[in-house]
Amino acid sequence: MSDTPVKQQSTAAFYGQAVASFAVALAATAVGIFQLKADPWVRGFLGIAVLYLVTSAFTLAKVIRDRQEAGQIVSRVDQARLEKLLAEHDPFEKL
């Protein structure tokens, strides 16, 4: 009687598009910083800032995904407990 939800997975095209988009954005930013008419220390600072932004974005995405997965697990445990209680309940039992 348990309805297990279908695990949603990304298609190969979506995955490829996400990777390509990330690569193009990072390359364009790197070229822009390299072509910038500024002192080398300014370009270096901007390069480090971009790398920090990228790692922070990956970390944030992982934390959000982990929190969502944990919520799904708690929900499934609660659902299993409820199903067990309903299965054991006898409405015709005398009080």
# chains A, B, ... in the order shown; residues from 1 in each chain; ligands from 1
>>> select_by_dssp(residues="chain A", states="alpha helix (DSSP H)", output="PyMOL selection string")
chain A and resi 12-35+40-88
>>> closest_atom_pairs(of="stretch 50-76 of chain A", to="stretch 10-24 of chain A", cutoff="12 Å", atoms="only C-alpha atoms", output="Markdown table")
| residue | atom | partner | partner_atom | distance |
| --- | --- | --- | --- | --- |
| A:Val54 | CA | A:Phe22 | CA | 9.8 |
| A:Ala57 | CA | A:Phe22 | CA | 11.6 |
| A:Phe58 | CA | A:Phe22 | CA | 11.5 |
>>> atom_distance(atom1="atom CA of A:Leu60", atom2="atom CA of A:Gly32")
25.3 Å
>>> residues_around(residues="A:Phe45", least_positions_apart="6", cutoff="12 Å", atoms="only C-alpha atoms", output="PyMOL selection string")
chain A and resi 33-34+38-39+51-52
>>> closest_residue(among="A:Ser75, A:Phe92, A:Glu83, A:Val50", to="A:Ala25", atoms="only C-alpha atoms")
A:Val50
>>> atom_distance(atom1="atom CA of A:Ala87", atom2="atom CA of A:Gly71")
24.3 Å
>>> atom_distance(atom1="atom CA of A:Arg65", atom2="atom CA of A:Gly47")
27.4 Å
